[in-house]
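Peer 1: Pasting target31.txt below, which is compact mmCIF, C-alpha atoms.
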# COMPACT_ATOMS: atom_id res chain seq x y z
CA MET A 1 0.00 0.00 0.00
CA ILE A 2 1.45 3.36 -0.98
CA ALA A 3 1.88 5.73 1.97
CA LYS A 4 -0.13 8.91 1.90
CA GLN A 5 2.62 11.46 2.52
CA TYR A 6 5.79 11.41 0.49
CA ARG A 7 9.14 13.10 0.38
CA LEU A 8 11.48 12.92 -2.58
CA PHE A 9 14.66 11.00 -1.99
CA GLU A 10 16.99 13.76 -0.95
CA ASP A 11 19.78 13.27 -3.37
CA CYS A 12 18.26 13.42 -6.81
CA SER A 13 18.11 16.16 -9.39
CA LEU A 14 16.42 16.96 -12.66
CA ARG A 15 18.14 18.44 -15.68
CA GLU A 16 16.54 19.57 -18.92
CA LEU A 17 18.07 20.30 -22.30
CA LYS A 18 15.98 21.13 -25.33
CA GLY A 19 13.01 19.08 -24.27
CA LYS A 20 15.09 16.15 -22.99
CA PHE A 21 14.77 15.43 -19.27
CA LEU A 22 17.19 13.53 -17.12
CA VAL A 23 16.73 12.60 -13.47
CA MET A 24 19.95 11.80 -11.64
CA VAL A 25 19.71 9.69 -8.49
CA TYR A 26 22.54 9.38 -5.99
CA PRO A 27 21.69 6.50 -3.63
CA LYS A 28 22.95 6.95 -0.11
CA ASP A 29 23.34 3.23 0.47
CA GLY A 30 26.57 3.20 -1.52
CA GLN A 31 25.04 2.00 -4.75
CA LYS A 32 26.20 3.58 -7.98
CA PRO A 33 24.41 6.78 -9.08
CA PHE A 34 22.14 6.34 -12.02
CA ALA A 35 20.24 8.48 -14.51
CA LEU A 36 16.73 8.13 -15.89
CA GLU A 37 15.62 9.71 -19.11
CA VAL A 38 12.05 10.84 -18.48
CA ASN A 39 9.26 12.62 -20.32
CA ALA A 40 7.87 16.10 -19.79
CA SER A 41 4.96 15.08 -17.57
CA PHE A 42 7.27 13.06 -15.30
CA ALA A 43 9.55 16.09 -15.12
CA PHE A 44 6.65 18.38 -14.28
CA LEU A 45 5.53 16.14 -11.41
CA PHE A 46 9.11 15.82 -10.21
CA GLN A 47 9.54 19.60 -10.13
CA THR A 48 6.23 19.98 -8.33
CA ALA A 49 7.32 17.41 -5.75
CA GLN A 50 10.62 19.26 -5.27
CA ARG A 51 8.76 22.53 -4.76
CA LEU A 52 6.30 21.05 -2.25
CA GLU A 53 8.98 19.03 -0.40
CA VAL A 54 6.34 16.98 1.47
CA PHE A 55 3.37 16.04 -0.65
CA ASP A 56 0.55 13.62 -1.18
CA ALA A 57 -1.13 12.29 -4.29
CA ASP A 58 -3.89 14.89 -4.15
CA ALA A 59 -1.46 17.82 -4.14
CA LEU A 60 0.27 16.44 -7.21
CA ALA A 61 -3.03 15.71 -8.94
CA ASN A 62 -4.22 19.27 -8.38
CA ALA A 63 -1.01 20.61 -9.88
CA VAL A 64 -1.54 18.39 -12.95
CA VAL A 65 -5.10 19.65 -13.35
CA ASN A 66 -3.94 23.27 -13.25
CA GLU A 67 -1.08 22.70 -15.66
CA TYR A 68 -2.57 20.34 -18.20
CA LYS A 69 -6.27 21.20 -17.84
CA ILE A 70 -7.41 17.59 -17.58
CA ASP A 71 -10.09 16.30 -15.25
CA LEU A 72 -9.22 15.39 -11.69
CA ASP A 73 -9.90 11.65 -11.99
CA ARG A 74 -7.56 11.31 -14.93
CA ALA A 75 -4.97 13.41 -13.12
CA LYS A 76 -5.18 11.12 -10.07
CA GLU A 77 -4.65 8.06 -12.27
CA GLU A 78 -1.54 9.62 -13.84
CA VAL A 79 -0.20 10.60 -10.44
CA GLU A 80 -0.77 7.15 -8.93
CA HIS A 81 1.05 5.52 -11.83
CA THR A 82 3.94 8.01 -11.50
CA LEU A 83 4.22 7.53 -7.75
CA GLU A 84 4.47 3.76 -8.17
CA MET A 85 7.29 4.32 -10.69
CA TRP A 86 9.06 6.69 -8.30
CA PHE A 87 8.74 4.15 -5.51
CA GLN A 88 10.15 1.46 -7.76
CA TYR A 89 13.19 3.60 -8.63
CA GLY A 90 13.72 4.65 -5.04
CA LEU A 91 12.87 8.29 -5.67
CA ILE A 92 10.36 8.37 -2.83
CA LYS A 93 10.18 6.74 0.56
CA MET B 1 37.06 36.30 -37.48
CA SER B 2 39.92 34.78 -39.45
CA ARG B 3 40.34 31.05 -39.14
CA VAL B 4 43.83 30.25 -38.11
CA VAL B 5 43.45 27.17 -35.94
CA GLY B 6 44.66 23.80 -37.12
CA ASN B 7 41.39 22.03 -37.68
CA ASP B 8 37.66 22.39 -37.94
CA THR B 9 36.94 20.82 -34.55
CA GLU B 10 39.00 23.47 -32.78
CA HIS B 11 37.21 26.19 -34.71
CA LYS B 12 33.81 24.83 -33.69
CA LEU B 13 34.82 24.39 -30.05
CA LEU B 14 36.00 27.98 -29.90
CA ALA B 15 32.72 29.15 -31.41
CA LEU B 16 30.86 27.30 -28.66
CA LEU B 17 33.09 28.80 -25.98
CA ARG B 18 32.42 32.28 -27.33
CA ILE B 19 28.70 31.61 -26.99
CA ALA B 20 29.06 30.16 -23.50
CA LEU B 21 31.03 33.17 -22.28
CA ASN B 22 28.74 35.68 -24.00
CA CYS B 23 31.60 36.90 -26.16
CA SER B 24 30.09 36.17 -29.46
CA ALA B 25 28.59 38.67 -31.82
CA GLU B 26 27.83 35.76 -34.13
CA ALA B 27 24.39 34.29 -33.79
CA ALA B 28 24.01 31.02 -31.94
CA ASN B 29 21.77 29.94 -34.80
CA ASP B 30 24.52 30.23 -37.40
CA LYS B 31 23.90 27.10 -39.45
CA GLN B 32 27.24 27.46 -41.21
CA ILE B 33 29.07 26.91 -37.97
CA PHE B 34 26.73 24.56 -36.18
CA SER B 35 25.37 22.16 -38.77
CA LEU B 36 27.18 19.22 -37.26
CA ASP B 37 26.72 15.49 -37.45
CA ALA B 38 27.20 13.01 -34.62
CA GLU B 39 30.87 12.46 -35.37
CA ASP B 40 31.53 16.22 -35.38
CA TRP B 41 29.91 16.49 -31.96
CA ARG B 42 31.88 13.55 -30.60
CA ASN B 43 35.11 15.16 -31.78
CA ILE B 44 34.12 18.46 -30.19
CA LEU B 45 33.28 16.80 -26.90
CA ASP B 46 36.54 14.84 -26.91
CA LEU B 47 38.47 18.05 -27.49
CA ALA B 48 36.43 19.89 -24.86
CA ALA B 49 37.22 17.13 -22.35
CA ALA B 50 40.93 17.43 -23.16
CA HIS B 51 40.73 21.16 -22.45
CA THR B 52 38.38 20.67 -19.44
CA VAL B 53 35.74 22.97 -20.87
CA THR B 54 32.90 20.47 -21.27
CA GLY B 55 30.71 22.43 -18.87
CA LEU B 56 31.05 25.47 -21.12
CA VAL B 57 30.06 23.41 -24.16
CA TYR B 58 26.91 22.41 -22.30
CA ALA B 59 26.23 26.07 -21.47
CA ALA B 60 26.59 26.93 -25.17
CA VAL B 61 24.42 24.06 -26.39
CA LYS B 62 21.63 25.31 -24.14
CA LYS B 63 21.61 28.50 -26.23
CA LEU B 64 21.52 26.77 -29.60
CA PRO B 65 18.22 26.35 -31.41
CA SER B 66 16.88 22.78 -31.21
CA ASP B 67 17.67 21.95 -34.83
CA LEU B 68 21.37 22.66 -34.27
CA CYS B 69 21.70 20.67 -31.04
CA PRO B 70 23.62 17.42 -30.79
CA PRO B 71 21.80 14.11 -31.48
CA ASP B 72 19.84 12.73 -28.52
CA ASN B 73 22.37 10.18 -27.31
CA ILE B 74 25.14 12.79 -27.32
CA SER B 75 22.92 15.38 -25.64
CA LEU B 76 22.15 12.93 -22.84
CA LYS B 77 25.84 12.21 -22.28
CA LEU B 78 26.55 15.93 -22.26
CA MET B 79 23.80 16.47 -19.69
CA MET B 80 25.23 13.74 -17.47
CA GLU B 81 28.70 15.23 -17.72
CA ALA B 82 27.37 18.72 -16.95
CA GLU B 83 25.57 17.26 -13.95
CA ARG B 84 28.79 15.65 -12.73
CA ILE B 85 30.74 18.89 -13.19
CA GLU B 86 28.14 21.05 -11.48
CA ARG B 87 27.63 18.66 -8.62
CA TYR B 88 31.35 18.50 -7.92
CA SER B 89 31.70 22.29 -8.19
CA ARG B 90 28.94 22.77 -5.64
CA LYS B 91 30.55 20.23 -3.33
CA VAL B 92 33.88 22.05 -3.56
CA ALA B 93 32.16 25.41 -3.01
CA ALA B 94 30.56 24.08 0.19
CA PHE B 95 33.91 22.67 1.31
CA THR B 96 35.63 25.99 0.60
CA GLU B 97 33.03 27.97 2.49
CA LYS B 98 33.56 25.80 5.56
CA LEU B 99 37.33 26.03 5.17
CA VAL B 100 37.23 29.83 4.97
CA SER B 101 35.20 29.96 8.15
CA GLU B 102 37.75 27.73 9.93
CA LEU B 103 40.69 29.74 8.63
CA LYS B 104 39.15 33.01 9.74
CA GLY B 105 38.41 31.43 13.10
CA ALA B 106 42.14 30.77 13.35
CA SER B 107 42.81 34.46 12.51
CA LEU B 108 44.14 33.61 9.07
CA ALA B 109 43.22 35.62 5.96
CA PRO B 110 43.18 33.36 2.90
CA VAL B 111 43.30 34.86 -0.59
CA PHE B 112 41.95 32.51 -3.19
CA MET B 113 43.73 32.36 -6.52
CA LYS B 114 43.18 31.13 -10.03
CA GLY B 115 40.05 29.08 -10.67
CA HIS B 116 38.38 29.55 -7.32
CA GLU B 117 38.80 33.30 -7.52
CA VAL B 118 37.58 33.69 -11.08
CA ALA B 119 34.76 31.12 -11.19
CA LYS B 120 32.33 33.71 -9.87
CA TYR B 121 32.80 35.78 -13.03
CA TYR B 122 31.54 33.01 -15.27
CA PRO B 123 27.93 33.27 -16.48
CA GLU B 124 27.33 29.85 -14.83
CA PRO B 125 30.10 29.44 -12.24
CA TYR B 126 29.35 25.83 -11.36
CA LEU B 127 29.88 24.70 -14.94
CA ARG B 128 33.53 25.66 -14.73
CA VAL B 129 35.51 22.47 -14.15
CA CYS B 130 37.11 22.66 -10.70
CA GLY B 131 40.73 21.88 -10.15
CA ASP B 132 42.71 22.14 -6.94
CA ILE B 133 41.93 24.94 -4.53
CA ASP B 134 44.77 27.49 -4.62
CA ILE B 135 45.14 29.65 -1.54
CA TYR B 136 47.69 32.38 -0.90
CA PHE B 137 48.72 33.58 2.54
CA GLN B 138 50.72 36.69 3.31
CA PRO B 139 54.34 35.95 4.32
CA SER B 140 53.56 36.78 7.95
CA GLU B 141 50.89 34.07 8.04
CA PHE B 142 52.24 31.39 5.76
CA GLN B 143 53.89 29.13 8.32
CA MET B 144 50.90 29.46 10.60
CA ALA B 145 48.66 28.46 7.70
CA VAL B 146 50.78 25.38 6.94
CA SER B 147 50.60 24.41 10.63
CA PHE B 148 46.84 24.93 10.54
CA PHE B 149 46.47 22.46 7.68
CA LYS B 150 48.79 19.96 9.36
CA GLU B 151 46.82 20.12 12.59
CA LYS B 152 43.57 19.61 10.71
CA GLY B 153 44.96 16.42 9.19
CA TYR B 154 45.45 17.64 5.61
CA ALA B 155 49.10 16.47 5.61
CA PRO B 156 50.42 19.15 3.23
CA GLN B 157 53.61 18.17 1.40
CA ARG B 158 56.28 20.66 0.38
CA ARG B 159 56.87 21.18 -3.33
CA PRO B 160 59.94 22.42 -5.24
CA ASP B 161 58.40 25.87 -5.69
CA HIS B 162 58.01 26.21 -1.87
CA SER B 163 54.26 25.80 -1.96
CA PHE B 164 52.55 23.01 -0.03
CA PHE B 165 50.06 20.60 -1.50
CA SER B 166 47.46 18.44 0.16
CA ASN B 167 45.50 15.88 -1.78
CA SER B 168 42.91 15.64 0.97
CA GLY B 169 39.45 16.45 -0.25
CA PRO B 170 39.48 18.39 -3.50
CA GLY B 171 43.24 19.07 -3.41
CA ILE B 172 44.59 22.20 -1.74
CA ASP B 173 47.60 24.18 -2.90
CA ILE B 174 48.98 26.55 -0.26
CA HIS B 175 51.07 29.33 -1.79
CA PRO B 176 53.61 31.62 -0.19
CA TYR B 177 53.69 33.72 -3.36
CA TYR B 178 50.68 35.16 -5.15
CA PHE B 179 52.51 35.86 -8.38
CA ASP B 180 54.38 33.36 -10.50
CA LEU B 181 56.98 36.05 -11.10
CA HIS B 182 60.55 36.77 -10.07
CA VAL B 183 60.26 40.48 -9.40
CA ARG B 184 60.49 42.50 -6.20
CA LEU B 185 57.10 42.62 -4.55
CA GLU B 186 57.00 46.40 -4.30
CA LYS B 187 56.89 46.57 -8.10
CA LEU B 188 53.78 44.42 -8.23
CA PRO B 189 50.13 45.25 -7.51
CA PRO B 190 48.75 44.94 -3.99
CA VAL B 191 46.98 41.70 -3.12
CA PRO B 192 44.05 41.48 -3.34
CA SER B 193 43.19 43.79 -6.23
CA THR B 194 41.81 43.46 -9.76
CA GLU B 195 45.23 44.35 -11.21
CA ALA B 196 46.73 41.54 -9.13
CA VAL B 197 44.20 39.04 -10.46
CA LEU B 198 44.90 39.95 -14.10
CA LEU B 199 48.66 39.86 -13.66
CA MET B 200 48.47 36.60 -11.71
CA LEU B 201 46.33 34.89 -14.36
CA SER B 202 48.45 36.16 -17.23
CA SER B 203 51.73 35.10 -15.65
CA HIS B 204 50.28 31.74 -14.62
CA ILE B 205 49.29 31.03 -18.22
CA LEU B 206 52.78 32.05 -19.32
CA LYS B 207 54.43 29.62 -16.92
CA HIS B 208 52.34 26.76 -18.19
CA ALA B 209 52.97 27.78 -21.78
CA MET B 210 56.71 27.69 -21.04
CA GLY B 211 56.49 24.21 -19.59
CA PRO B 212 53.95 21.40 -19.46
CA GLY B 213 51.25 23.11 -21.50
CA VAL B 214 48.16 25.25 -21.09
CA GLY B 215 44.60 24.71 -22.15
CA LEU B 216 41.52 26.66 -23.02
CA ARG B 217 40.15 26.56 -19.48
CA GLN B 218 42.94 28.82 -18.21
CA ILE B 219 42.43 31.15 -21.14
CA CYS B 220 38.68 31.25 -20.51
CA ASP B 221 39.50 32.34 -16.95
CA MET B 222 41.39 35.31 -18.36
CA VAL B 223 38.57 36.09 -20.78
CA VAL B 224 35.88 36.22 -18.10
CA CYS B 225 38.03 38.41 -15.87
CA LEU B 226 38.81 40.83 -18.68
CA LYS B 227 35.10 41.08 -19.42
CA ALA B 228 34.23 41.49 -15.75
CA PHE B 229 36.88 44.09 -15.00
CA THR B 230 36.09 46.31 -17.93
CA GLY B 231 32.41 46.45 -17.23
CA ASN B 232 31.59 44.08 -20.08
CA SER B 233 29.97 41.58 -17.81
CA ALA B 234 26.87 41.47 -15.67
CA GLU B 235 28.83 39.42 -13.14
CA SER B 236 31.03 42.16 -11.75
CA ASN B 237 31.36 45.83 -11.11
CA CYS B 238 35.12 45.60 -10.66
CA THR B 239 37.36 47.80 -12.69
CA TYR B 240 41.08 48.17 -12.88
CA ASN B 241 43.51 51.02 -13.37
CA SER B 242 44.77 50.51 -16.92
CA VAL B 243 47.76 52.84 -16.59
CA LYS B 244 48.91 51.15 -13.39
CA LEU B 245 48.32 47.70 -14.88
CA GLU B 246 50.54 48.44 -17.86
CA GLU B 247 53.23 49.65 -15.46
CA TYR B 248 52.96 46.41 -13.52
CA PHE B 249 53.29 44.29 -16.67
CA GLN B 250 56.34 46.29 -17.72
CA ALA B 251 57.89 46.06 -14.25
CA ALA B 252 57.33 42.31 -14.26
CA HIS B 253 58.94 42.01 -17.73
CA VAL B 254 55.90 40.23 -19.13
CA ALA B 255 54.43 43.03 -21.24
CA THR B 256 55.38 41.32 -24.51
CA TRP B 257 53.85 38.08 -23.33
CA ASN B 258 50.66 39.86 -22.33
CA LYS B 259 50.34 41.32 -25.82
CA VAL B 260 50.53 37.78 -27.21
CA LEU B 261 47.86 36.56 -24.80
CA LEU B 262 45.56 39.47 -25.58
CA ALA B 263 46.09 38.92 -29.31
CA PHE B 264 45.04 35.27 -28.84
CA ILE B 265 41.98 36.31 -26.87
CA SER B 266 41.06 38.96 -29.40
CA ARG B 267 41.43 36.53 -32.30
CA TYR B 268 39.62 33.54 -30.78
CA PHE B 269 37.17 35.07 -28.33
CA GLY B 270 36.24 38.19 -30.23
CA LEU B 271 36.92 40.60 -27.38
CA ASP B 272 37.90 44.08 -28.38
CA THR B 273 41.16 43.98 -26.49
CA ALA B 274 42.21 47.42 -27.69
CA MET B 275 40.65 48.75 -24.53
CA PHE B 276 42.90 46.58 -22.41
CA SER B 277 46.08 48.13 -21.33
CA GLY B 278 49.13 47.00 -23.16
CA SER B 279 47.26 45.55 -26.08
CA VAL B 280 48.00 46.23 -29.71
CA ASN B 281 45.40 48.69 -30.95
CA ALA B 282 42.44 47.25 -32.76
CA GLY B 283 42.44 47.64 -36.52
CA GLN B 284 46.20 47.73 -36.61
CA PRO B 285 48.16 44.74 -37.87
CA LEU B 286 50.03 42.82 -35.23
CA PRO B 287 53.75 43.57 -35.10
CA LYS B 288 55.77 40.77 -36.67
CA LYS B 289 57.24 39.69 -33.35
CA ILE B 290 53.81 39.35 -31.74
CA ARG B 291 52.46 37.52 -34.81
CA LYS B 292 55.21 34.93 -34.63
CA LEU B 293 54.81 34.48 -30.89
CA LEU B 294 51.06 34.16 -31.33
CA SER B 295 51.60 31.38 -33.82
CA SER B 296 53.84 29.54 -31.34
CA PHE B 297 51.32 30.04 -28.57
CA GLU B 298 48.56 28.62 -30.75
CA ARG B 299 50.65 25.50 -31.28
CA ILE B 300 51.20 25.16 -27.54
CA VAL B 301 47.51 25.54 -26.71
CA PHE B 302 46.14 23.26 -29.41
CA SER B 303 48.68 20.51 -29.04
CA GLY B 304 48.69 20.42 -25.26
CA GLY B 305 45.18 20.67 -23.84
CA ASN B 306 44.76 20.82 -20.09
CA PHE B 307 48.26 21.30 -18.70
CA GLY B 308 49.58 19.34 -21.61
CA PHE B 309 47.67 16.16 -20.83
CA TYR B 310 46.02 16.20 -24.22
CA ASN B 311 49.38 15.35 -25.68
CA ILE B 312 49.97 11.64 -26.07
CA SER B 313 53.50 11.72 -24.67
CA ARG B 314 52.25 13.53 -21.56
CA LYS B 315 49.38 11.07 -21.07
CA LYS B 316 51.86 8.19 -21.05
CA THR B 317 53.77 9.75 -18.16
CA ALA B 318 50.67 9.55 -16.00
CA THR B 319 50.69 5.75 -16.16
CA SER B 320 54.41 5.15 -16.38
CA LYS B 321 56.06 3.06 -13.64
CA PHE B 322 59.17 5.22 -13.96
CA SER B 323 58.53 8.17 -11.64
CA GLY B 324 61.03 10.40 -13.40
CA LYS B 325 59.29 10.04 -16.74
CA ARG B 326 57.00 12.97 -16.06
CA LYS B 327 59.95 15.18 -15.13
CA ILE B 328 61.74 14.16 -18.30
CA ASP B 329 58.63 14.95 -20.34
CA THR B 330 58.33 18.33 -18.62
CA PHE B 331 62.01 19.02 -19.33
CA TYR B 332 61.53 18.12 -22.98
CA ARG B 333 58.61 20.52 -23.21
CA PHE B 334 60.65 23.28 -21.63
CA LEU B 335 63.33 22.71 -24.22
CA ARG B 336 60.89 22.66 -27.09
CA ASN B 337 59.22 25.88 -25.97
CA THR B 338 62.51 27.67 -25.20
CA PRO B 339 62.50 29.89 -28.33
CA PHE B 340 58.96 31.00 -27.48
CA SER B 341 59.72 31.53 -23.79
CA LEU B 342 62.91 33.47 -24.44
CA ARG B 343 61.17 35.87 -26.77
CA CYS B 344 58.14 36.34 -24.49
CA SER B 345 60.03 37.00 -21.31
CA PRO B 346 63.69 36.02 -21.12
CA ARG B 347 63.96 37.14 -17.52
CA GLU B 348 61.06 34.99 -16.42
CA PHE B 349 62.31 32.05 -18.45
CA PHE B 350 65.74 32.02 -16.78
CA SER B 351 64.37 32.77 -13.31
CA TYR B 352 61.69 30.12 -13.57
CA THR B 353 64.06 27.49 -14.93
CA PHE B 354 66.58 28.20 -12.18
CA SER B 355 63.98 28.05 -9.41
CA LEU B 356 62.56 24.75 -10.70
CA LEU B 357 66.02 23.20 -10.96
CA LYS B 358 66.89 24.43 -7.48
CA GLY B 359 63.63 23.15 -6.09
CA ASN B 360 64.15 19.71 -7.58
CA LEU B 361 67.70 19.49 -6.28
CA ASP B 362 66.89 20.63 -2.70
Just dump the structure as structure tokens.
Peer 2:
Amino acid sequence: MIAKQYRLFEDCSLRELKGKFLVMVYPKDGQKPFALEVNASFAFLFQTAQRLEVFDADALANAVVNEYKIDLDRAKEEVEHTLEMWFQYGLIK
Amino acid sequence: MSRVVGNDTEHKLLALLRIALNCSAEAANDKQIFSLDAEDWRNILDLAAAHTVTGLVYAAVKKLPSDLCPPDNISLKLMMEAERIERYSRKVAAFTEKLVSELKGASLAPVFMKGHEVAKYYPEPYLRVCGDIDIYFQPSEFQMAVSFFKEKGYAPQRRPDHSFFSNSGPGIDIHPYYFDLHVRLEKLPPVPSTEAVLLMLSSHILKHAMGPGVGLRQICDMVVCLKAFTGNSAESNCTYNSVKLEEYFQAAHVATWNKVLLAFISRYFGLDTAMFSGSVNAGQPLPKKIRKLLSSFERIVFSGGNFGFYNISRKKTATSKFSGKRKIDTFYRFLRNTPFSLRCSPREFFSYTFSLLKGNLD
């Protein structure tokens, strides 16, 4: 079950160049840093999460609705899918 | 701008550096310069790495229109490298801030030199590749400073030029002399001052040109300072006294050399160096002596890369089991560059050679 409140893994960053997005993750458990090439919507959610610092799915969904003008239910689906991906990659605890 | 460099890759890299440093009057969307295929970009990035200016290439690419950018796989590698450079620069900046606080707590007044002094004048300071941290202490404090670093566990080791080096952390070079010059101190600018920074950078580049080699990163440092100190940059309000600066270059017997350096900067970075003291006036042909020295300097820069490590023979010394191989390579380079060095600044050439020999024999 995904926890309600999240915080981004502290040591990760997002870089953008001409529409290409790269998330760099620096694991603290001694594992090698890695990079993920991501799309624009992933990057938008990532930046929103960085700005909020502590967030839940609803906060992200509302940001998506405001930015992309889609309905809330669809936004929540997108956010849930993204959060599961972030959890899988260790970007959130 | 006339094309005088050896190959097309160098020409393109310089164009990118001009964009990164906001020197360029040419448009970043100049298709003639930037219509490049994947191999062109790989060659540029290889050369940029040799000259430790990859971060600046990234800064320039950000300004290019999308249709002139590198292919995706190369862009991603460039982004990762820029991330690595910036992350390390920030780490070193945090380390330096803490170090300064500790030094001041011990009543020491560090003066940062070279890269760590000039990085702040770059449009994006953290994209400048960091080297060792160079710190100068006044003569009255130098021994105390060395003791400070010993007590803190940095284990500084004495070098032939009387500086101390610690490879703890990012590498710290502790200098008893601010200038790489053999001139009485009263003839030189006060430290710190903008005149001191310009003279220090210029003479430092000269010393590397005389010996192991100098790369575009050091020259970019000079470019950003010249822009900053003449009000051509948003990064600084510093100015310098041009009459006094010319006197200092003359007193230090490096005025000829400085003309060569400014001619190189004017030619390859597009700065109007006529406004800089000691430069040959814009619109006038270079004197024959300066032209010939400029040609030699171009060879040194484009064959050597970062402190000469771009050169194959120099690279081999890094992995050689024979510890003297690097010294022999350095000696060979000194010999090869002797005609250039003697004509730029004979006094500095002889003084520098003598002090290095003495330092190695001590």
Peer 1: One decimal, in Å: what's the spacing between CA of Val54 (chain A) and CA of Arg15 (chain A)?
Peer 2: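 Separating CA of Val54 (chain A) from CA of Arg15 (chain A) is a distance of 20.9 Å.
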Peer 1: Please list as a PyMOL selection string every residue within 10 Å of Ala61 (chain A), counting all atoms listed in the file and excluding residues in the same chain fewer than 5 positions away.
Peer 2: chain A and resi 45+56+66-67+70-80
Peer 1: Could the residues in this selection be written to a file with C-alpha atoms, as a CSV table (one decimal), in the frame of the given file?
Peer 2:
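As written to disk, selection.csv reads:
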chain,number,residue,atom,x,y,z
A,45,LEU,CA,5.5,16.1,-11.4
A,56,ASP,CA,0.6,13.6,-1.2
A,66,ASN,CA,-3.9,23.3,-13.2
A,67,GLU,CA,-1.1,22.7,-15.7
A,70,ILE,CA,-7.4,17.6,-17.6
A,71,ASP,CA,-10.1,16.3,-15.2
A,72,LEU,CA,-9.2,15.4,-11.7
A,73,ASP,CA,-9.9,11.6,-12.0
A,74,ARG,CA,-7.6,11.3,-14.9
A,75,ALA,CA,-5.0,13.4,-13.1
A,76,LYS,CA,-5.2,11.1,-10.1
A,77,GLU,CA,-4.6,8.1,-12.3
A,78,GLU,CA,-1.5,9.6,-13.8
A,79,VAL,CA,-0.2,10.6,-10.4
A,80,GLU,CA,-0.8,7.2,-8.9
Peer 1: When you draw a straight line from CA of Arg158 (chain B) to CA of Leu181 (chain B), how long is it in Å?
Peer 2: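 Distance between the two atoms: 19.2 Å.
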Peer 1: Taking (43.1, 19.7, -3.1) as a centre in this file's frame and 12 Å as the limit, can you find every polymer residue with an atom that close, using all atoms listed in the file, and give them as an MDAnalysis selection string?
Peer 2: chainID B and resid 92 95:96 99 116 130:135 149 154:157 164:174
Peer 1: When distances are computed from all atoms listed in the file, which of B:Trp41, B:Tyr58, B:Phe249, B:Phe142 shows the smallest separation from chain A?
Peer 2: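 The answer is B:Tyr58, which sits nearest to chain A.
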Peer 1: Could you state the separation of CA of Leu78 (chain B) and CA of Leu36 (chain B) in Å, given to one decimal place?
Peer 2: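 If I compute the distance from CA of Leu78 (chain B) to CA of Leu36 (chain B), I get 15.4 Å.
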Peer 1: At a cut-off of 9 Å, using all atoms listed in the file, what residues contact region 346-351 of chain B? Leave out same-chain residues fewer than 2 positions from it and give the result as a VMD selection string.
Peer 2: chain B and resid 181 to 183 207 210 252 to 254 338 341 to 344 353 to 356
Peer 1: Return as an mmCIF file with C-alpha atoms, in the frame of the given file the residues belonging to chain B that are within 12 Å of chain A, counting all atoms listed in the file.
Peer 2:
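Contents of iface23.cif, as written:
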data_model
loop_
_atom_site.group_PDB
_atom_site.id
_atom_site.type_symbol
_atom_site.label_atom_id
_atom_site.label_comp_id
_atom_site.auth_asym_id
_atom_site.auth_seq_id
_atom_site.Cartn_x
_atom_site.Cartn_y
_atom_site.Cartn_z
ATOM 1 C CA TYR B 58 26.910 22.410 -22.300
ATOM 2 C CA ALA B 59 26.230 26.070 -21.470
ATOM 3 C CA ALA B 60 26.590 26.930 -25.170
ATOM 4 C CA VAL B 61 24.420 24.060 -26.390
ATOM 5 C CA LYS B 62 21.630 25.310 -24.140
ATOM 6 C CA LYS B 63 21.610 28.500 -26.230
ATOM 7 C CA LEU B 64 21.520 26.770 -29.600
ATOM 8 C CA PRO B 65 18.220 26.350 -31.410
ATOM 9 C CA SER B 66 16.880 22.780 -31.210
ATOM 10 C CA ASP B 67 17.670 21.950 -34.830
ATOM 11 C CA LEU B 68 21.370 22.660 -34.270
ATOM 12 C CA CYS B 69 21.700 20.670 -31.040
ATOM 13 C CA PRO B 70 23.620 17.420 -30.790
ATOM 14 C CA PRO B 71 21.800 14.110 -31.480
ATOM 15 C CA ASP B 72 19.840 12.730 -28.520
ATOM 16 C CA ASN B 73 22.370 10.180 -27.310
ATOM 17 C CA ILE B 74 25.140 12.790 -27.320
ATOM 18 C CA SER B 75 22.920 15.380 -25.640
ATOM 19 C CA LEU B 76 22.150 12.930 -22.840
ATOM 20 C CA LYS B 77 25.840 12.210 -22.280
ATOM 21 C CA LEU B 78 26.550 15.930 -22.260
ATOM 22 C CA MET B 79 23.800 16.470 -19.690
ATOM 23 C CA MET B 80 25.230 13.740 -17.470
ATOM 24 C CA GLU B 81 28.700 15.230 -17.720
ATOM 25 C CA ALA B 82 27.370 18.720 -16.950
ATOM 26 C CA GLU B 83 25.570 17.260 -13.950
ATOM 27 C CA ARG B 84 28.790 15.650 -12.730
ATOM 28 C CA GLU B 86 28.140 21.050 -11.480
ATOM 29 C CA ARG B 87 27.630 18.660 -8.620
#
Peer 1: Excluding region 105-111 of chain B and any residue of its chain fewer than 2 positions from it, enumerate the residues within 9 Å of it, using all atoms listed in the file, and give them as a PyMOL selection string.
Peer 2: chain B and resi 100-103+113+117+134-138+141+144-145+148+178+191-192
Peer 1: Write the residues of the preceding selection, restricted to C-alpha atoms, as a compact mmCIF listing (two decimals), in the coordinates of the input.
Peer 2:
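Everything below was put into selection14.txt:
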# COMPACT_ATOMS: atom_id res chain seq x y z
CA VAL B 100 37.23 29.83 4.97
CA SER B 101 35.20 29.96 8.15
CA GLU B 102 37.75 27.73 9.93
CA LEU B 103 40.69 29.74 8.63
CA MET B 113 43.73 32.36 -6.52
CA GLU B 117 38.80 33.30 -7.52
CA ASP B 134 44.77 27.49 -4.62
CA ILE B 135 45.14 29.65 -1.54
CA TYR B 136 47.69 32.38 -0.90
CA PHE B 137 48.72 33.58 2.54
CA GLN B 138 50.72 36.69 3.31
CA GLU B 141 50.89 34.07 8.04
CA MET B 144 50.90 29.46 10.60
CA ALA B 145 48.66 28.46 7.70
CA PHE B 148 46.84 24.93 10.54
CA TYR B 178 50.68 35.16 -5.15
CA VAL B 191 46.98 41.70 -3.12
CA PRO B 192 44.05 41.48 -3.34
